[in-house]
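Shown next: input_11.tsv, containing TSV, C-alpha atoms.
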chain	number	residue	atom	x	y	z
U	1	MET	CA	112.10	77.70	-49.24
U	2	LYS	CA	109.06	75.53	-49.84
U	3	ILE	CA	107.00	78.63	-50.43
U	4	LYS	CA	109.41	79.67	-53.17
U	5	TYR	CA	108.83	76.37	-55.03
U	6	PHE	CA	105.13	76.74	-54.57
U	7	PHE	CA	105.15	80.18	-56.21
U	8	LEU	CA	107.41	78.91	-58.96
U	9	ALA	CA	104.98	76.11	-59.76
U	10	PHE	CA	102.03	78.49	-59.55
U	11	LEU	CA	103.65	81.00	-61.91
U	12	SER	CA	104.63	78.37	-64.47
U	13	PHE	CA	100.95	77.37	-64.79
U	14	SER	CA	99.79	80.89	-65.49
U	15	ILE	CA	102.55	81.54	-68.01
U	16	PHE	CA	101.48	78.63	-70.19
U	17	SER	CA	97.73	78.96	-69.78
U	18	GLY	CA	97.05	81.04	-72.93
U	19	THR	CA	96.75	79.62	-76.45
U	20	VAL	CA	99.97	80.01	-78.38
U	21	TYR	CA	99.66	80.77	-82.06
U	22	GLU	CA	102.76	79.98	-84.07
U	23	PHE	CA	103.75	81.86	-87.17
U	24	SER	CA	106.72	81.63	-89.50
U	25	SER	CA	107.35	85.38	-89.51
U	26	ASP	CA	106.64	88.51	-87.46
U	27	GLU	CA	104.73	89.89	-90.40
U	28	ASP	CA	102.28	86.97	-90.25
U	29	GLU	CA	101.83	87.53	-86.55
U	30	LYS	CA	101.07	91.22	-87.17
U	31	ARG	CA	98.57	90.21	-89.86
U	32	PHE	CA	96.92	87.82	-87.41
U	33	ASN	CA	96.67	90.48	-84.69
U	34	LYS	CA	95.16	92.95	-87.15
U	35	LEU	CA	92.69	90.40	-88.53
U	36	ILE	CA	91.36	89.37	-85.14
U	37	LYS	CA	90.72	93.04	-84.38
U	38	ASP	CA	88.88	93.51	-87.70
U	39	ILE	CA	86.63	90.48	-87.29
U	40	ARG	CA	83.69	90.38	-84.95
U	41	CYS	CA	83.17	87.51	-82.53
U	42	PRO	CA	80.21	85.50	-83.93
U	43	LYS	CA	78.74	84.89	-80.49
U	44	CYS	CA	79.10	88.37	-78.96
U	45	THR	CA	76.83	91.37	-79.46
U	46	SER	CA	79.74	93.60	-80.30
U	47	GLY	CA	83.29	92.62	-79.59
U	48	SER	CA	86.19	91.67	-81.78
U	49	LEU	CA	87.68	88.19	-81.89
U	50	SER	CA	90.72	89.53	-80.06
U	51	SER	CA	88.58	90.65	-77.12
U	52	SER	CA	86.67	87.39	-76.87
U	53	ASN	CA	87.53	84.06	-75.33
U	54	ALA	CA	84.24	82.36	-76.23
U	55	PRO	CA	84.89	78.80	-77.49
U	56	ILE	CA	83.74	79.72	-81.01
U	57	SER	CA	86.14	82.70	-81.05
U	58	GLU	CA	89.00	80.51	-79.91
U	59	ASP	CA	88.20	78.05	-82.72
U	60	LEU	CA	87.97	80.83	-85.27
U	61	LYS	CA	91.26	82.35	-84.14
U	62	LEU	CA	92.95	78.96	-84.51
U	63	LYS	CA	91.44	78.60	-87.98
U	64	ILE	CA	92.66	82.09	-88.97
U	65	ALA	CA	96.16	81.26	-87.70
U	66	GLU	CA	96.04	78.02	-89.71
U	67	MET	CA	94.91	79.87	-92.85
U	68	ILE	CA	97.70	82.45	-92.45
U	69	ASN	CA	100.23	79.63	-92.18
U	70	GLU	CA	98.73	78.07	-95.32
U	71	GLY	CA	99.52	81.32	-97.14
U	72	LYS	CA	95.94	82.57	-97.51
U	73	THR	CA	95.49	86.30	-98.11
U	74	ASN	CA	93.55	88.64	-95.80
U	75	ILE	CA	90.78	88.85	-98.41
U	76	GLU	CA	90.46	85.06	-98.56
U	77	ILE	CA	90.31	84.85	-94.76
U	78	LYS	CA	87.69	87.59	-94.51
U	79	GLU	CA	85.66	85.89	-97.24
U	80	TYR	CA	85.79	82.62	-95.31
U	81	VAL	CA	84.46	84.33	-92.19
U	82	ALA	CA	81.81	86.42	-93.98
U	83	LEU	CA	80.47	83.39	-95.86
U	84	ARG	CA	79.94	81.45	-92.66
U	85	PHE	CA	79.07	84.05	-90.06
U	86	GLY	CA	77.55	86.79	-92.23
U	87	LYS	CA	78.83	90.03	-93.72
U	88	ASP	CA	78.29	91.82	-90.43
U	89	SER	CA	81.14	89.84	-88.91
U	90	LEU	CA	83.55	92.22	-90.67
U	91	TYR	CA	83.86	95.59	-88.93
U	92	GLU	CA	84.65	97.32	-92.19
U	93	PRO	CA	81.93	96.54	-94.73
U	94	GLU	CA	83.19	95.57	-98.18
U	95	LEU	CA	82.51	97.82	-101.14
U	96	SER	CA	79.68	96.25	-103.14
U	97	LYS	CA	76.42	97.27	-104.81
U	98	GLU	CA	74.59	96.78	-101.52
U	99	THR	CA	76.97	99.05	-99.60
U	100	TYR	CA	77.38	101.91	-102.12
U	101	LEU	CA	74.82	103.96	-100.22
U	102	LEU	CA	76.66	103.38	-96.96
U	103	TRP	CA	80.05	104.35	-98.39
U	104	PHE	CA	79.15	107.23	-100.68
U	105	SER	CA	76.15	108.98	-99.14
U	106	PRO	CA	78.29	111.09	-96.75
U	107	PHE	CA	80.27	112.41	-99.74
U	108	LEU	CA	77.05	113.18	-101.57
U	109	VAL	CA	75.79	115.21	-98.63
U	110	LEU	CA	79.14	116.96	-98.39
U	111	LEU	CA	79.06	117.81	-102.10
U	112	ILE	CA	75.58	119.28	-101.89
U	113	GLY	CA	76.59	121.27	-98.80
U	114	LEU	CA	79.61	122.58	-100.65
U	115	LEU	CA	77.53	123.58	-103.67
U	116	PHE	CA	75.08	125.33	-101.42
U	117	PHE	CA	77.92	127.16	-99.68
U	118	LEU	CA	79.56	128.24	-102.98
U	119	PHE	CA	76.22	129.44	-104.26
U	120	ARG	CA	75.70	131.59	-101.15
U	121	ILE	CA	79.19	133.10	-101.42
U	122	ARG	CA	78.70	133.98	-105.06
U	123	LYS	CA	75.34	135.55	-104.33
U	124	ASN	CA	76.68	137.66	-101.44
U	125	SER	CA	79.64	138.96	-103.42
N	1	MET	CA	69.56	126.72	-109.36
N	2	LYS	CA	68.82	128.38	-106.02
N	3	LYS	CA	65.39	126.80	-105.89
N	4	LEU	CA	66.89	123.42	-106.64
N	5	LEU	CA	69.39	123.73	-103.81
N	6	GLN	CA	66.78	124.98	-101.39
N	7	LEU	CA	64.56	122.11	-102.35
N	8	SER	CA	67.37	119.60	-101.91
N	9	ILE	CA	67.69	120.63	-98.26
N	10	ILE	CA	64.21	119.31	-97.69
N	11	ILE	CA	64.20	116.45	-100.18
N	12	LEU	CA	67.56	114.97	-99.25
N	13	PRO	CA	66.90	114.24	-95.56
N	14	ILE	CA	63.47	112.89	-96.42
N	15	SER	CA	64.86	110.58	-99.09
N	16	PHE	CA	67.61	109.36	-96.76
N	17	PHE	CA	65.06	108.72	-94.06
N	18	LEU	CA	62.88	106.80	-96.51
N	19	ILE	CA	65.75	104.72	-97.91
N	20	PHE	CA	66.95	103.68	-94.48
N	21	PHE	CA	63.40	103.13	-93.28
N	22	ILE	CA	62.77	100.75	-96.19
N	23	LEU	CA	66.12	98.98	-95.78
N	24	LEU	CA	65.81	98.55	-92.04
N	25	THR	CA	62.16	97.55	-91.87
N	26	GLU	CA	62.41	95.13	-94.79
N	27	GLU	CA	60.23	92.07	-94.29
N	28	ASN	CA	62.85	90.09	-92.45
N	29	GLN	CA	63.34	86.37	-92.51
N	30	PHE	CA	62.58	84.29	-89.48
N	31	PRO	CA	64.99	85.25	-86.64
N	32	GLY	CA	67.81	82.71	-86.41
N	33	ALA	CA	67.25	81.45	-89.95
N	34	ASP	CA	69.75	81.84	-92.75
N	35	TYR	CA	69.07	80.92	-96.36
N	36	ARG	CA	72.45	81.52	-97.93
N	37	GLU	CA	73.37	78.59	-100.13
N	38	PHE	CA	76.80	76.99	-99.88
N	39	ASP	CA	78.47	73.63	-100.48
N	40	LEU	CA	78.69	71.15	-97.64
N	41	PRO	CA	82.30	71.59	-96.43
N	42	VAL	CA	84.91	69.00	-97.28
N	43	PHE	CA	85.58	66.83	-94.22
N	44	GLU	CA	86.84	63.48	-93.12
N	45	LEU	CA	85.79	62.45	-89.64
N	46	LYS	CA	84.68	59.36	-87.77
N	47	ILE	CA	81.22	57.90	-87.24
N	48	LEU	CA	80.33	58.06	-83.56
N	49	ASN	CA	79.20	54.48	-82.95
N	50	ASN	CA	81.82	52.54	-84.90
N	51	ASP	CA	84.81	54.85	-85.55
N	52	VAL	CA	84.62	54.22	-89.31
N	53	SER	CA	85.86	57.15	-91.39
N	54	ILE	CA	83.29	59.21	-93.23
N	55	ALA	CA	83.76	61.99	-95.78
N	56	ASN	CA	81.39	64.60	-97.20
N	57	SER	CA	81.34	62.67	-100.49
N	58	ASP	CA	79.82	59.64	-98.68
N	59	LEU	CA	76.65	61.56	-97.92
N	60	GLU	CA	74.09	61.43	-100.68
N	61	GLY	CA	70.59	62.70	-101.34
N	62	ASP	CA	68.61	65.14	-99.24
N	63	TYR	CA	68.84	65.19	-95.48
N	64	VAL	CA	68.72	67.28	-92.34
N	65	MET	CA	71.93	67.85	-90.41
N	66	ASN	CA	71.60	68.48	-86.71
N	67	VAL	CA	74.40	69.73	-84.48
N	68	TRP	CA	74.04	68.37	-80.95
N	69	ALA	CA	75.97	67.46	-77.83
N	70	SER	CA	75.27	65.66	-74.57
N	71	TRP	CA	76.23	68.81	-72.63
N	72	CYS	CA	73.63	70.86	-74.50
N	73	ILE	CA	70.43	71.33	-72.50
N	74	THR	CA	68.42	72.72	-75.41
N	75	CYS	CA	69.31	69.62	-77.45
N	76	ARG	CA	67.42	67.54	-74.92
N	77	ILE	CA	64.36	69.73	-75.34
N	78	GLU	CA	64.66	69.47	-79.11
N	79	HIS	CA	65.24	65.72	-79.07
N	80	PRO	CA	61.60	64.46	-79.09
N	81	TYR	CA	60.89	66.64	-82.12
N	82	LEU	CA	63.83	65.12	-84.01
N	83	ALA	CA	62.48	61.68	-83.10
N	84	SER	CA	59.10	62.59	-84.60
N	85	LEU	CA	60.80	63.88	-87.79
N	86	ALA	CA	62.74	60.62	-88.10
N	87	LYS	CA	59.49	58.70	-87.60
N	88	ASN	CA	57.99	60.63	-90.51
N	89	GLY	CA	60.82	59.46	-92.76
N	90	ILE	CA	63.05	62.54	-92.71
N	91	PRO	CA	66.70	61.39	-92.75
N	92	ILE	CA	68.68	63.16	-90.03
N	93	ILE	CA	72.44	63.13	-89.83
N	94	GLY	CA	73.87	64.15	-86.48
N	95	ILE	CA	77.01	66.14	-85.86
N	96	ASN	CA	78.17	65.39	-82.35
N	97	TYR	CA	79.78	68.71	-81.45
N	98	LYS	CA	82.74	68.93	-79.05
N	99	ASP	CA	81.50	66.02	-76.99
N	100	GLU	CA	83.02	62.99	-75.28
N	101	LYS	CA	82.17	59.78	-77.11
N	102	ILE	CA	81.10	57.95	-73.93
N	103	ASP	CA	78.79	60.77	-72.86
N	104	ALA	CA	77.27	61.01	-76.33
N	105	LEU	CA	76.58	57.26	-76.56
N	106	GLU	CA	75.11	57.21	-73.07
N	107	TRP	CA	72.86	60.14	-73.95
N	108	LEU	CA	71.60	58.32	-77.04
N	109	SER	CA	70.87	55.10	-75.18
N	110	LYS	CA	68.99	57.11	-72.57
N	111	TYR	CA	66.88	59.32	-74.86
N	112	GLY	CA	66.83	57.36	-78.14
N	113	ASN	CA	68.62	57.81	-81.44
N	114	PRO	CA	66.79	59.68	-84.21
N	115	TYR	CA	69.92	59.92	-86.38
N	116	GLN	CA	70.72	57.81	-89.45
N	117	LEU	CA	74.36	58.28	-88.64
N	118	ILE	CA	76.36	60.57	-86.42
N	119	VAL	CA	79.57	62.32	-87.38
N	120	GLN	CA	81.92	62.79	-84.48
N	121	ASP	CA	83.23	66.37	-84.54
N	122	TYR	CA	85.31	66.38	-81.37
N	123	LYS	CA	87.28	69.52	-82.21
N	124	GLY	CA	84.40	71.34	-83.87
N	125	THR	CA	86.26	71.75	-87.17
N	126	LEU	CA	83.38	70.67	-89.41
N	127	ALA	CA	80.95	72.77	-87.36
N	128	LEU	CA	83.20	75.83	-87.73
N	129	ASP	CA	83.34	75.29	-91.50
N	130	MET	CA	79.54	75.20	-91.52
N	131	GLY	CA	79.22	78.45	-89.56
N	132	VAL	CA	78.02	76.86	-86.33
N	133	THR	CA	78.27	79.06	-83.24
N	134	GLY	CA	76.78	76.64	-80.72
N	135	ALA	CA	74.34	73.79	-80.27
N	136	PRO	CA	71.69	72.98	-81.33
N	137	GLU	CA	71.79	74.12	-84.93
N	138	THR	CA	70.06	72.51	-87.87
N	139	PHE	CA	70.85	72.52	-91.59
N	140	LEU	CA	68.86	71.45	-94.61
N	141	VAL	CA	71.02	69.80	-97.26
N	142	ASN	CA	69.81	69.48	-100.84
N	143	LYS	CA	72.08	67.60	-103.29
N	144	GLY	CA	75.27	68.39	-101.39
N	145	LYS	CA	74.35	72.03	-100.84
N	146	ILE	CA	73.29	73.63	-97.60
N	147	VAL	CA	70.10	75.53	-98.41
N	148	ALA	CA	68.83	76.53	-94.96
N	149	HIS	CA	70.40	76.95	-91.54
N	150	TYR	CA	68.64	77.52	-88.24
N	151	GLU	CA	70.34	78.51	-84.99
N	152	GLY	CA	68.53	77.18	-81.94
N	153	GLU	CA	65.91	74.62	-81.04
N	154	ILE	CA	63.71	73.40	-83.86
N	155	ASN	CA	60.11	72.50	-83.21
N	156	ASP	CA	56.92	72.20	-85.24
N	157	TYR	CA	56.56	75.96	-85.60
N	158	VAL	CA	60.17	76.55	-86.70
N	159	TRP	CA	60.04	73.57	-89.06
N	160	ASN	CA	56.89	74.91	-90.75
N	161	GLN	CA	58.19	78.48	-90.94
N	162	VAL	CA	61.84	77.91	-91.87
N	163	PHE	CA	62.34	74.52	-93.47
N	164	ASP	CA	59.01	73.42	-94.92
N	165	PRO	CA	58.73	76.23	-97.54
N	166	ILE	CA	62.20	75.34	-98.89
N	167	ILE	CA	61.40	71.60	-98.84
N	168	GLN	CA	58.22	72.21	-100.85
N	169	GLU	CA	59.92	74.61	-103.24
N	170	ARG	CA	62.72	72.16	-104.00
N	171	GLY	CA	60.57	69.02	-103.90
N	172	MET	CA	62.78	67.36	-101.27
N	173	PHE	CA	62.09	64.12	-99.32
N	174	LYS	CA	59.70	62.63	-101.87
Hey, can you dump this file as structure tokens for me?
Amino acid sequence: MKIKYFFLAFLSFSIFSGTVYEFSSDEDEKRFNKLIKDIRCPKCTSGSLSSSNAPISEDLKLKIAEMINEGKTNIEIKEYVALRFGKDSLYEPELSKETYLLWFSPFLVLLIGLLFFLFRIRKNS
Amino acid sequence: MKKLLQLSIIILPISFFLIFFILLTEENQFPGADYREFDLPVFELKILNNDVSIANSDLEGDYVMNVWASWCITCRIEHPYLASLAKNGIPIIGINYKDEKIDALEWLSKYGNPYQLIVQDYKGTLALDMGVTGAPETFLVNKGKIVAHYEGEINDYVWNQVFDPIIQERGMFK
């Protein structure tokens, strides 16, 4: 019997050991879970906030939850993070003058390949 | 047209290689240093020694902000250098990061206090707003704006490489 109480006490500790983030709607919670997967942990070489329990990641997750509850948009939250921890803290780089090359060069290569291919077909026929 | 396409097969990879080579080998800033300018975050916290409230608007002029904690080993190594900066008339404001007040005060009485005042950031909220990922970190503040940020221990070499050029450029601490 005593052992049963011991296990009960032991289990209750582990159930409440994680940080609980509170949101007003399921949608907000989904947004939070998506955001912490899209944002890199500032202290890790490569790992998302969701995969990290470094103190700074815990703080940042709390801040993101707070911002969601304040009604901030995903863009505003990502801007907050990028301004403080650098643009590389976002897994998906934003579209800006500096990243045009990154975003559009694959399409350019594809276009040239396609032109080359069409040219060859026309020549052979 | 055919010539042009054939030529592009050679030119394109070379130009990509060159572009990325230039972008990736760009004369980089000092590792750990960040020169993005942003406003000192809005905060209202307590001063470590006397529990009086302090806000960002209470801080005036140019100063150095140093994030430290009694649990931080590197801060102890950095400490004598901060003392020498303070001796040379550089105002340093401390941010006591996620630390117990008693430990922090004991640390200061043991090793000396180079700070003009110390903001107590028990939860690390101000530090998070400043982009701090650990301790020690040092910021240069010019007229309410953060103009340089260094992650890690500062010493004579780092000061001369990272902070001094900005101080000279902006005519700070005169």
Practice item. Can you check which residues of chain U have any atom within 10 Å of chain N? Use only C-alpha atoms and format it as a ChimeraX atom specification. Key: /U:41-43,54-57,59-60,63,80-86,101,105,108-109,112-113,115-116,119-120,123
Practice item. Rank U:Phe104, U:Phe117, U:Phe32, U:Phe6 by their smallest atom-to-atom distance to Glu66 in chain U, using only C-alpha atoms, and report the top residue only. Key: U:Phe32
Point to revise | For CA of Val64 in chain N and CA of Glu26 in chain N, the interatomic separation in Å (one decimal) | key: 28.7 Å
Revision key, fill the gap. note - CA of Tyr81 in chain N and CA of Phe173 in chain N are separated by 17.4 Å
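Closest approach to Leu40 in chain N among N:Ile14, N:Ala148, N:Ile22, N:Ile118: N:Ala148, based on only C-alpha atoms.
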